[in-house]
Amino acid sequence: MSDIFTRASTANDLRAIKEIYAHHVLNGTGTFETVPPSLDEMQTRRADVLQKSLPYIVAERDGKVLGFAYANWFKPRPAYRFSTEDSVYVAPGSMGQGIGAALMTQLLALLEARGIRHVMAVIGDSDNTGSINLHRRMGFSHVGTMRGCGWKFERWLDIVLMERTLGKGTQTAPTDSDAA
């Protein structure tokens with residue numbers, strides 16, 4: 001098995017990204033969406049992230065996209081401009097192979113280089129041990145659980161909140177060279 005390679009996503013990756021995400025929408029609780037978005041909608045979402053100068057990356061092996069990750073503002077108000085929320089999705093059949101860790105490592109490095117000071121994980125489902133454990137391994141701390149926030153697959157789902165600081169965190173004020 002060859003190595004995992006992470007890189008910036010391109011428009012050519014959107015079909016694979018759409019299929020990976022559709023699998024998670026239809027079969028998982030990591031997202032509370034219940035209907036997979038169209039290719040056009042996924043293109044719009046990716047363009048929104050990139051327009052904000054935030055990373056949207058893929059992981060591939062032997063030229064095949066096996067996962068994707070991106071960050072978006074945690075909230076749209078200006079005071080949150082140093083805080084993002086991460087999203088990571090791995091293709092079915094490729095989980096447990098280090099793809100999520102490779103994506104998270106690259107995503108966190110790109111966010112830190114961008115001047116982001118705080119990354120939040122809003123994880124769907126307390127039983128989503130794969131995502132919870134990935135975030136824990138990547139240095140995130142559990143900060144809370146919101147019980148029964150979503151209804152999917154005929155059951156109530158929690159949201160697990162985790163966070164990690166980057167760079168200087170909250171120890172210093174941001175500068176002009178930090179995120180805008």
# chains A, B, ... in the order shown; residues from 1 in each chain; ligands from 1

call {"tool": "residues_around", "arguments": {"residues": "segment 102-104 of chain A", "least_positions_apart": "5", "cutoff": "10 Å", "atoms": "only C-alpha atoms", "output": "list in words"}}
result
Ile4, Phe5, Thr6, Arg7, Tyr56, Ile57, Val58, Ala59, Glu60, Gly67, Phe68, Ala69, Tyr70, Asp86, Ser87, Val88, Tyr89, Val90, Gln97, Ala109, Leu110, Leu134, His135 and Met138 of chain A

call {"tool": "write_last_selection", "arguments": {"atoms": "N, CA and C atoms", "output": "short mmCIF file (atom, residue, chain, number, x, y, z; two decimals), in the first residue's frame"}}
result
data_model
loop_
_atom_site.label_atom_id
_atom_site.label_comp_id
_atom_site.auth_asym_id
_atom_site.auth_seq_id
_atom_site.Cartn_x
_atom_site.Cartn_y
_atom_site.Cartn_z
N ILE A 4 -0.13 7.96 1.86
CA ILE A 4 -1.23 8.91 1.74
C ILE A 4 -0.62 10.27 1.42
N PHE A 5 -1.20 10.96 0.48
CA PHE A 5 -0.74 12.27 0.04
C PHE A 5 -1.87 13.27 0.27
N THR A 6 -1.60 14.37 0.96
CA THR A 6 -2.61 15.42 1.13
C THR A 6 -2.24 16.60 0.26
N ARG A 7 -3.27 17.27 -0.24
CA ARG A 7 -3.06 18.43 -1.11
C ARG A 7 -4.32 19.28 -1.13
N TYR A 56 -9.31 23.80 2.11
CA TYR A 56 -10.20 22.71 1.71
C TYR A 56 -9.30 21.70 1.01
N ILE A 57 -9.00 20.60 1.68
CA ILE A 57 -7.97 19.68 1.20
C ILE A 57 -8.52 18.28 0.99
N VAL A 58 -7.76 17.48 0.27
CA VAL A 58 -8.10 16.07 0.07
C VAL A 58 -6.89 15.21 0.43
N ALA A 59 -7.17 13.95 0.71
CA ALA A 59 -6.13 12.94 0.87
C ALA A 59 -6.33 11.93 -0.25
N GLU A 60 -5.23 11.53 -0.84
CA GLU A 60 -5.32 10.55 -1.91
C GLU A 60 -4.23 9.50 -1.75
N GLY A 67 -10.50 10.92 1.06
CA GLY A 67 -11.04 11.73 2.15
C GLY A 67 -10.85 13.20 1.86
N PHE A 68 -11.57 14.01 2.62
CA PHE A 68 -11.42 15.46 2.48
C PHE A 68 -11.62 16.12 3.83
N ALA A 69 -11.09 17.33 3.94
CA ALA A 69 -11.22 18.10 5.17
C ALA A 69 -11.22 19.58 4.81
N TYR A 70 -11.87 20.35 5.64
CA TYR A 70 -11.87 21.80 5.46
C TYR A 70 -12.19 22.45 6.79
N ASP A 86 -13.68 22.56 12.25
CA ASP A 86 -13.13 21.63 11.26
C ASP A 86 -14.17 20.60 10.84
N SER A 87 -13.97 20.05 9.65
CA SER A 87 -14.78 18.95 9.13
C SER A 87 -13.85 17.99 8.42
N VAL A 88 -13.99 16.70 8.73
CA VAL A 88 -13.14 15.67 8.13
C VAL A 88 -14.02 14.47 7.77
N TYR A 89 -13.91 13.99 6.55
CA TYR A 89 -14.68 12.83 6.09
C TYR A 89 -13.76 11.90 5.32
N VAL A 90 -13.86 10.62 5.63
CA VAL A 90 -13.03 9.60 4.99
C VAL A 90 -13.95 8.64 4.23
N GLN A 97 -7.14 3.82 8.41
CA GLN A 97 -5.89 3.66 7.67
C GLN A 97 -4.98 4.89 7.78
N ALA A 109 -2.02 22.46 10.38
CA ALA A 109 -0.84 23.23 9.97
C ALA A 109 -1.23 24.41 9.09
N LEU A 110 -2.14 24.20 8.16
CA LEU A 110 -2.60 25.28 7.28
C LEU A 110 -3.34 26.35 8.07
N LEU A 134 -10.02 10.53 16.98
CA LEU A 134 -9.13 11.26 16.08
C LEU A 134 -8.82 12.63 16.65
N HIS A 135 -9.86 13.35 17.05
CA HIS A 135 -9.64 14.69 17.59
C HIS A 135 -8.82 14.65 18.88
N MET A 138 -5.29 14.27 18.09
CA MET A 138 -4.75 15.48 17.47
C MET A 138 -4.66 16.64 18.46
#

call {"tool": "residues_around", "arguments": {"residues": "Glu41 of chain A", "least_positions_apart": "4", "cutoff": "12 Å", "atoms": "only C-alpha atoms", "output": "VMD selection string"}}
result
chain A and resid 14 to 15 17 to 18 21 35 to 37 45 to 48

call {"tool": "residues_around", "arguments": {"residues": "segment 111-123 of chain A", "least_positions_apart": "2", "cutoff": "8 Å", "atoms": "only C-alpha atoms", "output": "ChimeraX atom specification"}}
result
/A:30-31,54-55,74,81-87,107-109,125-126,128,131-132,135,159-170,177-179

call {"tool": "closest_residue", "arguments": {"among": "A:Tyr80, A:Thr34, A:Asp3, A:Ser9", "to": "Asp62 of chain A", "atoms": "only C-alpha atoms"}}
result
A:Asp3

call {"tool": "closest_residue", "arguments": {"among": "A:Met146, A:Ala91, A:Ala8, A:Ala173", "to": "Ala22 of chain A", "atoms": "only C-alpha atoms"}}
result
A:Ala91

call {"tool": "select_by_dssp", "arguments": {"residues": "chain A", "states": "alpha helix (DSSP H)", "output": "PyMOL selection string"}}
result
chain A and resi 14-27+39-51+99-113+129-137

call {"tool": "write_last_selection", "arguments": {"atoms": "C-alpha atoms", "output": "PDB file, in the first residue's frame"}}
result
ATOM      1  CA  LEU A  14     -15.711  17.375  -6.337  1.00  0.00           C
ATOM      2  CA  ARG A  15     -17.328  14.172  -7.626  1.00  0.00           C
ATOM      3  CA  ALA A  16     -15.265  12.069  -5.206  1.00  0.00           C
ATOM      4  CA  ILE A  17     -15.908  14.550  -2.372  1.00  0.00           C
ATOM      5  CA  LYS A  18     -19.639  14.449  -3.104  1.00  0.00           C
ATOM      6  CA  GLU A  19     -19.685  10.632  -3.041  1.00  0.00           C
ATOM      7  CA  ILE A  20     -17.735  10.419   0.202  1.00  0.00           C
ATOM      8  CA  TYR A  21     -20.010  12.939   1.870  1.00  0.00           C
ATOM      9  CA  ALA A  22     -23.170  11.306   0.478  1.00  0.00           C
ATOM     10  CA  HIS A  23     -22.120   8.036   2.102  1.00  0.00           C
ATOM     11  CA  HIS A  24     -21.820   9.756   5.488  1.00  0.00           C
ATOM     12  CA  VAL A  25     -25.144  11.579   5.056  1.00  0.00           C
ATOM     13  CA  LEU A  26     -26.992   8.352   4.210  1.00  0.00           C
ATOM     14  CA  ASN A  27     -25.189   5.976   6.579  1.00  0.00           C
ATOM     15  CA  LEU A  39     -22.684  18.338  -6.969  1.00  0.00           C
ATOM     16  CA  ASP A  40     -23.567  22.004  -7.554  1.00  0.00           C
ATOM     17  CA  GLU A  41     -24.220  22.494  -3.836  1.00  0.00           C
ATOM     18  CA  MET A  42     -20.902  20.871  -2.913  1.00  0.00           C
ATOM     19  CA  GLN A  43     -19.181  23.157  -5.416  1.00  0.00           C
ATOM     20  CA  THR A  44     -20.870  26.183  -3.809  1.00  0.00           C
ATOM     21  CA  ARG A  45     -19.818  25.067  -0.321  1.00  0.00           C
ATOM     22  CA  ARG A  46     -16.210  24.530  -1.392  1.00  0.00           C
ATOM     23  CA  ALA A  47     -16.111  27.914  -3.136  1.00  0.00           C
ATOM     24  CA  ASP A  48     -17.426  29.570   0.037  1.00  0.00           C
ATOM     25  CA  VAL A  49     -14.587  28.094   2.117  1.00  0.00           C
ATOM     26  CA  LEU A  50     -11.921  29.016  -0.434  1.00  0.00           C
ATOM     27  CA  GLN A  51     -13.309  32.551  -0.857  1.00  0.00           C
ATOM     28  CA  ILE A  99      -6.313   9.110   6.312  1.00  0.00           C
ATOM     29  CA  GLY A 100      -8.200  11.166   8.893  1.00  0.00           C
ATOM     30  CA  ALA A 101      -4.977  11.796  10.832  1.00  0.00           C
ATOM     31  CA  ALA A 102      -3.135  12.840   7.665  1.00  0.00           C
ATOM     32  CA  LEU A 103      -5.943  15.242   6.774  1.00  0.00           C
ATOM     33  CA  MET A 104      -6.135  16.695  10.302  1.00  0.00           C
ATOM     34  CA  THR A 105      -2.358  17.141  10.542  1.00  0.00           C
ATOM     35  CA  GLN A 106      -2.309  19.102   7.284  1.00  0.00           C
ATOM     36  CA  LEU A 107      -5.477  21.053   8.067  1.00  0.00           C
ATOM     37  CA  LEU A 108      -4.180  22.176  11.474  1.00  0.00           C
ATOM     38  CA  ALA A 109      -0.837  23.225   9.972  1.00  0.00           C
ATOM     39  CA  LEU A 110      -2.597  25.278   7.283  1.00  0.00           C
ATOM     40  CA  LEU A 111      -4.885  26.908   9.837  1.00  0.00           C
ATOM     41  CA  GLU A 112      -2.008  27.804  12.121  1.00  0.00           C
ATOM     42  CA  ALA A 113      -0.081  29.300   9.187  1.00  0.00           C
ATOM     43  CA  THR A 129     -15.830   7.219  18.555  1.00  0.00           C
ATOM     44  CA  GLY A 130     -13.763   7.389  15.373  1.00  0.00           C
ATOM     45  CA  SER A 131     -14.052  11.168  15.136  1.00  0.00           C
ATOM     46  CA  ILE A 132     -13.839  11.717  18.888  1.00  0.00           C
ATOM     47  CA  ASN A 133     -10.682   9.597  19.136  1.00  0.00           C
ATOM     48  CA  LEU A 134      -9.127  11.260  16.077  1.00  0.00           C
ATOM     49  CA  HIS A 135      -9.643  14.690  17.589  1.00  0.00           C
ATOM     50  CA  ARG A 136      -8.303  13.543  20.954  1.00  0.00           C
ATOM     51  CA  ARG A 137      -5.165  12.151  19.279  1.00  0.00           C
TER      52      ARG A 137
END

call {"tool": "atom_distance", "arguments": {"atom1": "atom CA of Ala11 of chain A", "atom2": "atom CA of Arg77 of chain A"}}
result
28.4 Å

call {"tool": "select_by_dssp", "arguments": {"residues": "segment 17-95 of chain A", "states": "strand (DSSP E)", "output": "PyMOL selection string"}}
result
chain A and resi 56-61+64-73+83-90

call {"tool": "write_last_selection", "arguments": {"atoms": "C-alpha atoms", "output": "compact mmCIF listing (two decimals), in the first residue's frame"}}
result
# COMPACT_ATOMS: atom_id res chain seq x y z
CA TYR A 56 -10.20 22.71 1.71
CA ILE A 57 -7.97 19.68 1.20
CA VAL A 58 -8.10 16.07 0.07
CA ALA A 59 -6.13 12.94 0.87
CA GLU A 60 -5.32 10.55 -1.91
CA ARG A 61 -3.51 7.31 -2.45
CA LYS A 64 -7.70 8.20 -5.74
CA VAL A 65 -9.35 10.68 -3.35
CA LEU A 66 -10.00 8.84 -0.07
CA GLY A 67 -11.04 11.73 2.15
CA PHE A 68 -11.42 15.46 2.48
CA ALA A 69 -11.22 18.10 5.17
CA TYR A 70 -11.87 21.80 5.46
CA ALA A 71 -12.39 24.52 8.00
CA ASN A 72 -14.92 27.30 8.09
CA TRP A 73 -15.54 30.14 10.48
CA SER A 83 -11.81 30.59 15.40
CA THR A 84 -12.74 27.87 12.96
CA GLU A 85 -14.71 24.63 12.94
CA ASP A 86 -13.13 21.63 11.26
CA SER A 87 -14.78 18.95 9.13
CA VAL A 88 -13.14 15.67 8.13
CA TYR A 89 -14.68 12.83 6.09
CA VAL A 90 -13.03 9.60 4.99
